[in-house]
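One structure below.
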Amino acid sequence: MVIGIIGGGASGMAAALAAAENKDAQVVLFERQARVGRKLQATGNGRCNLSNQNISLSHYHGQAAAFAQNALQHFPVEKTLQWFRQLGLFTVAEDTGRVYPYSDQANSVVDVLRFGLQKENITLKCGFEVTRLRRSGDGFAVENGEETVFCDRVVVACGGLAGTKLGGTMAGYKLLRSFGHRCTKLRPALVQLKSSWNGCVSLKGVRANCQVQILQDGVLHAQSRGELQFAEYGLSGPVIFEVSRDVCQGGNWSAKLNFLPDETEESLRNELSARATKALPAEELLTGMLHNRLGKVLLQSAGIRGQRMCDSLTEAELREICRMIQGLEVSLTETLGMDSAQVTAGGIVTAEFDPETMESRLVPGLFACGEVLDIDGDCGGYNLQWAWSSGRLAGESAGKL
Ligand SMILES: Cc1cc2nc3c(=O)[nH]c(=O)nc-3n(C[C@H](O)[C@H](O)[C@H](O)COP(=O)(O)OP(=O)(O)OC[C@H]3O[C@@H](n4cnc5c(N)ncnc54)[C@H](O)[C@@H]3O)c2cc1C
């Protein structure tokens, strides 16, 4: 039995290794790029946040996110980490639950998977871009325009559209749609946000611990707390990824930023009132409290000129400075788009697949896994865990049949 796996990313490599556990199966892994795991190598800022100890369905999204439950239970975090250990990878969990390779290098994850694929019953076909997949007898013809490979079963593991430069493509959606599968609207998720607030330009590169509230037409859409990073175009950093899903899809959007979330309004007012008694230039009012550049921009936003003296500030001006520190609202115009997004929200309709096997309900022998399906996870290792779990389940099922 020949099992074709289309896509040598996270879920495709997991599927290939699982399918090859059946010694009677011949596995062919097709990867359009020169090598496998290209996107994986760039994950987690080169550290690869490969899983999370706090996996639960609440961290997954899609039209029917409950579809993910079966795969996540079948191949949960403990089994995933044992599997990686067998492949030779040491891992470590941070206090937050995020799991990384002990080496802190995404390369290590790619390498152990690559070495794992060196098996007698696995053929790796890199540089093979599948352009057409069609029925051939009871099986499938996998074509790249020059060569056709016949497979009894096929797993589509082409990933999503996000991260275009790293291999994100429409290919998986197109291949599955050619068999009648439907696709929901694709949107960038875990993505940076553009802002028209001119403070972003002067704050480029500044990082701040921040409570972020995303508002749509003034109504709370999402909130989180963590590291914010200013960029020339707007807002980035882990906390922004966490709240970016579905942002700027119709309506007026803004981000309300609290740069001192642990201070009460009253304690901050008292602190500023005490500082305002000093004979210092107003531009030093926030020194030692916030990043210098951030403090200066917030004072400007409150309408305070730096040459003023602290002891000349009025109660109303101090209140306005507090408001800028704990409730600066900046407008959001759009996301940075699919090229920069880490994950695609939306995808192939999961109701058309059996969650017990990942097999298509429309085309027997056709399987799908990973990001191509309409499942996306929160920031923190949830997307890779979905890729491992769904890939393993699809590969095992394809190998068993
Ligand atoms: C910059 C960045 C950082 C990220 N960091 C994290 C992180 O730290 N933790 C986390 O959980 N998630 C992270 N993600 C998300 C995660 O990488 C993806 O969700 C995950 O890789 C999806 O796995 P996949 O197998 O479905 O797709 P992919 O890993 O994208 O693999 C798909 C593969 O299929 C190949 N392919 C596509 N079409 C064809 C075709 N027609 N023929 C042959 N081959 C084809 C592609 O070249 C690719 O190698 C990050 C994403 C990005 C872009």
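Naming works like this for the structure tokens: A, B, ... for the chains as they're shown, residue 1 at the start of each chain, ligands 1 onward in shown order.
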* Kindly provide, as an MDAnalysis selection string, all nucleotide and amino acid residues lying within 7 Å of ligand 1, counting only C-alpha atoms and all ligand atoms. => chainID A and resid 6:12 30:33 36:40 42:45 48:51 128:131 157:160 162:163 166:169 171:172 341:343 369:372 379:385 387
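The environment of A:Val28 within 9 Å, counting only C-alpha atoms and disregarding residues fewer than 2 places along the same chain, consists of A:Val2, A:Ile3, A:Gly4, A:Ile5, A:Ile6, A:Ala16, A:Gln26, A:Phe30, A:Asn121, A:Ile122, A:Thr123, A:Leu124, A:Lys125, A:Val149, A:Cys151.
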Kindly export the residues of the current selection with N, CA and C atoms, as a PDB file, in the first residue's frame.
ATOM      1  N   VAL A   2       0.615   2.172  -0.921  1.00  0.00           N
ATOM      2  CA  VAL A   2       1.404   3.413  -0.996  1.00  0.00           C
ATOM      3  C   VAL A   2       0.585   4.565  -0.407  1.00  0.00           C
ATOM      4  N   ILE A   3       1.183   5.262   0.551  1.00  0.00           N
ATOM      5  CA  ILE A   3       0.496   6.396   1.176  1.00  0.00           C
ATOM      6  C   ILE A   3       1.252   7.674   0.817  1.00  0.00           C
ATOM      7  N   GLY A   4       0.588   8.569   0.124  1.00  0.00           N
ATOM      8  CA  GLY A   4       1.212   9.840  -0.249  1.00  0.00           C
ATOM      9  C   GLY A   4       0.858  10.902   0.772  1.00  0.00           C
ATOM     10  N   ILE A   5       1.872  11.637   1.235  1.00  0.00           N
ATOM     11  CA  ILE A   5       1.623  12.739   2.169  1.00  0.00           C
ATOM     12  C   ILE A   5       2.034  14.010   1.421  1.00  0.00           C
ATOM     13  N   ILE A   6       1.119  14.934   1.241  1.00  0.00           N
ATOM     14  CA  ILE A   6       1.446  16.165   0.495  1.00  0.00           C
ATOM     15  C   ILE A   6       1.740  17.278   1.481  1.00  0.00           C
ATOM     16  N   ALA A  16       3.666  11.293   8.149  1.00  0.00           N
ATOM     17  CA  ALA A  16       4.539  10.333   7.453  1.00  0.00           C
ATOM     18  C   ALA A  16       5.139   9.333   8.444  1.00  0.00           C
ATOM     19  N   GLN A  26       4.193   1.804   2.204  1.00  0.00           N
ATOM     20  CA  GLN A  26       5.266   2.580   1.567  1.00  0.00           C
ATOM     21  C   GLN A  26       4.805   4.032   1.611  1.00  0.00           C
ATOM     22  N   PHE A  30       5.754  14.295  -0.187  1.00  0.00           N
ATOM     23  CA  PHE A  30       5.993  15.298  -1.232  1.00  0.00           C
ATOM     24  C   PHE A  30       6.137  16.677  -0.589  1.00  0.00           C
ATOM     25  N   ASN A 121      10.931   2.533   4.575  1.00  0.00           N
ATOM     26  CA  ASN A 121       9.631   2.635   3.894  1.00  0.00           C
ATOM     27  C   ASN A 121       9.135   4.078   3.736  1.00  0.00           C
ATOM     28  N   ILE A 122      10.067   5.060   3.844  1.00  0.00           N
ATOM     29  CA  ILE A 122       9.688   6.462   3.559  1.00  0.00           C
ATOM     30  C   ILE A 122      10.554   7.004   2.419  1.00  0.00           C
ATOM     31  N   THR A 123       9.903   7.514   1.387  1.00  0.00           N
ATOM     32  CA  THR A 123      10.627   8.184   0.296  1.00  0.00           C
ATOM     33  C   THR A 123      10.316   9.668   0.379  1.00  0.00           C
ATOM     34  N   LEU A 124      11.385  10.466   0.437  1.00  0.00           N
ATOM     35  CA  LEU A 124      11.213  11.912   0.533  1.00  0.00           C
ATOM     36  C   LEU A 124      11.366  12.524  -0.851  1.00  0.00           C
ATOM     37  N   LYS A 125      10.350  13.246  -1.289  1.00  0.00           N
ATOM     38  CA  LYS A 125      10.446  13.889  -2.616  1.00  0.00           C
ATOM     39  C   LYS A 125      10.382  15.398  -2.422  1.00  0.00           C
ATOM     40  N   VAL A 149       2.766  10.190  -9.500  1.00  0.00           N
ATOM     41  CA  VAL A 149       2.999   9.098  -8.548  1.00  0.00           C
ATOM     42  C   VAL A 149       1.631   8.573  -8.115  1.00  0.00           C
ATOM     43  N   CYS A 151      -0.843   6.637  -5.634  1.00  0.00           N
ATOM     44  CA  CYS A 151      -0.908   6.321  -4.197  1.00  0.00           C
ATOM     45  C   CYS A 151      -2.277   5.729  -3.888  1.00  0.00           C
TER      46      CYS A 151
END
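The set of residues in stretch 176-227 of chain A assigned to alpha helix (DSSP H) by DSSP, using only backbone atoms of this structure, is A:Leu176, A:Arg177, A:Gly199, A:Cys200, A:Val201, A:Ser202.
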* Would you please extract all strand (DSSP E or B) residues from stretch 167-247 of chain A, as assigned by DSSP on the backbone, and give them as number ranges by chain? => A: 183, 187-189, 193-195, 207-216, 219-231, 234-236
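Using only C-alpha atoms, the smallest distance between any of A:Leu186, A:Val27, A:Leu57, A:Leu215 and A:Val330 comes from A:Leu215.
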* Asked: Which is closer to A:Arg85 than all the others in A:Asp262, A:Ala66, A:Ile375, A:Val112, using only C-alpha atoms?
  ->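 Going through A:Asp262, A:Ala66, A:Ile375, A:Val112 one by one, the smallest distance to A:Arg85 is for A:Val112.
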* To do: Between A:Cys126, A:Ala282, A:Ala93, A:Ala65, single out the one closest to A:Gly346, counting only C-alpha atoms.
  => A:Ala65
* **Nearest to A:Arg225, chosen from A:Val110, A:Tyr173, A:Lys256, A:Arg245, with only C-alpha atoms counted in the distances** =>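 That would be A:Lys256, the residue with the smallest distance to A:Arg225.
For the pair atom CA of A:Gly327 and atom CA of A:Leu280, the separation is 25.1 Å.
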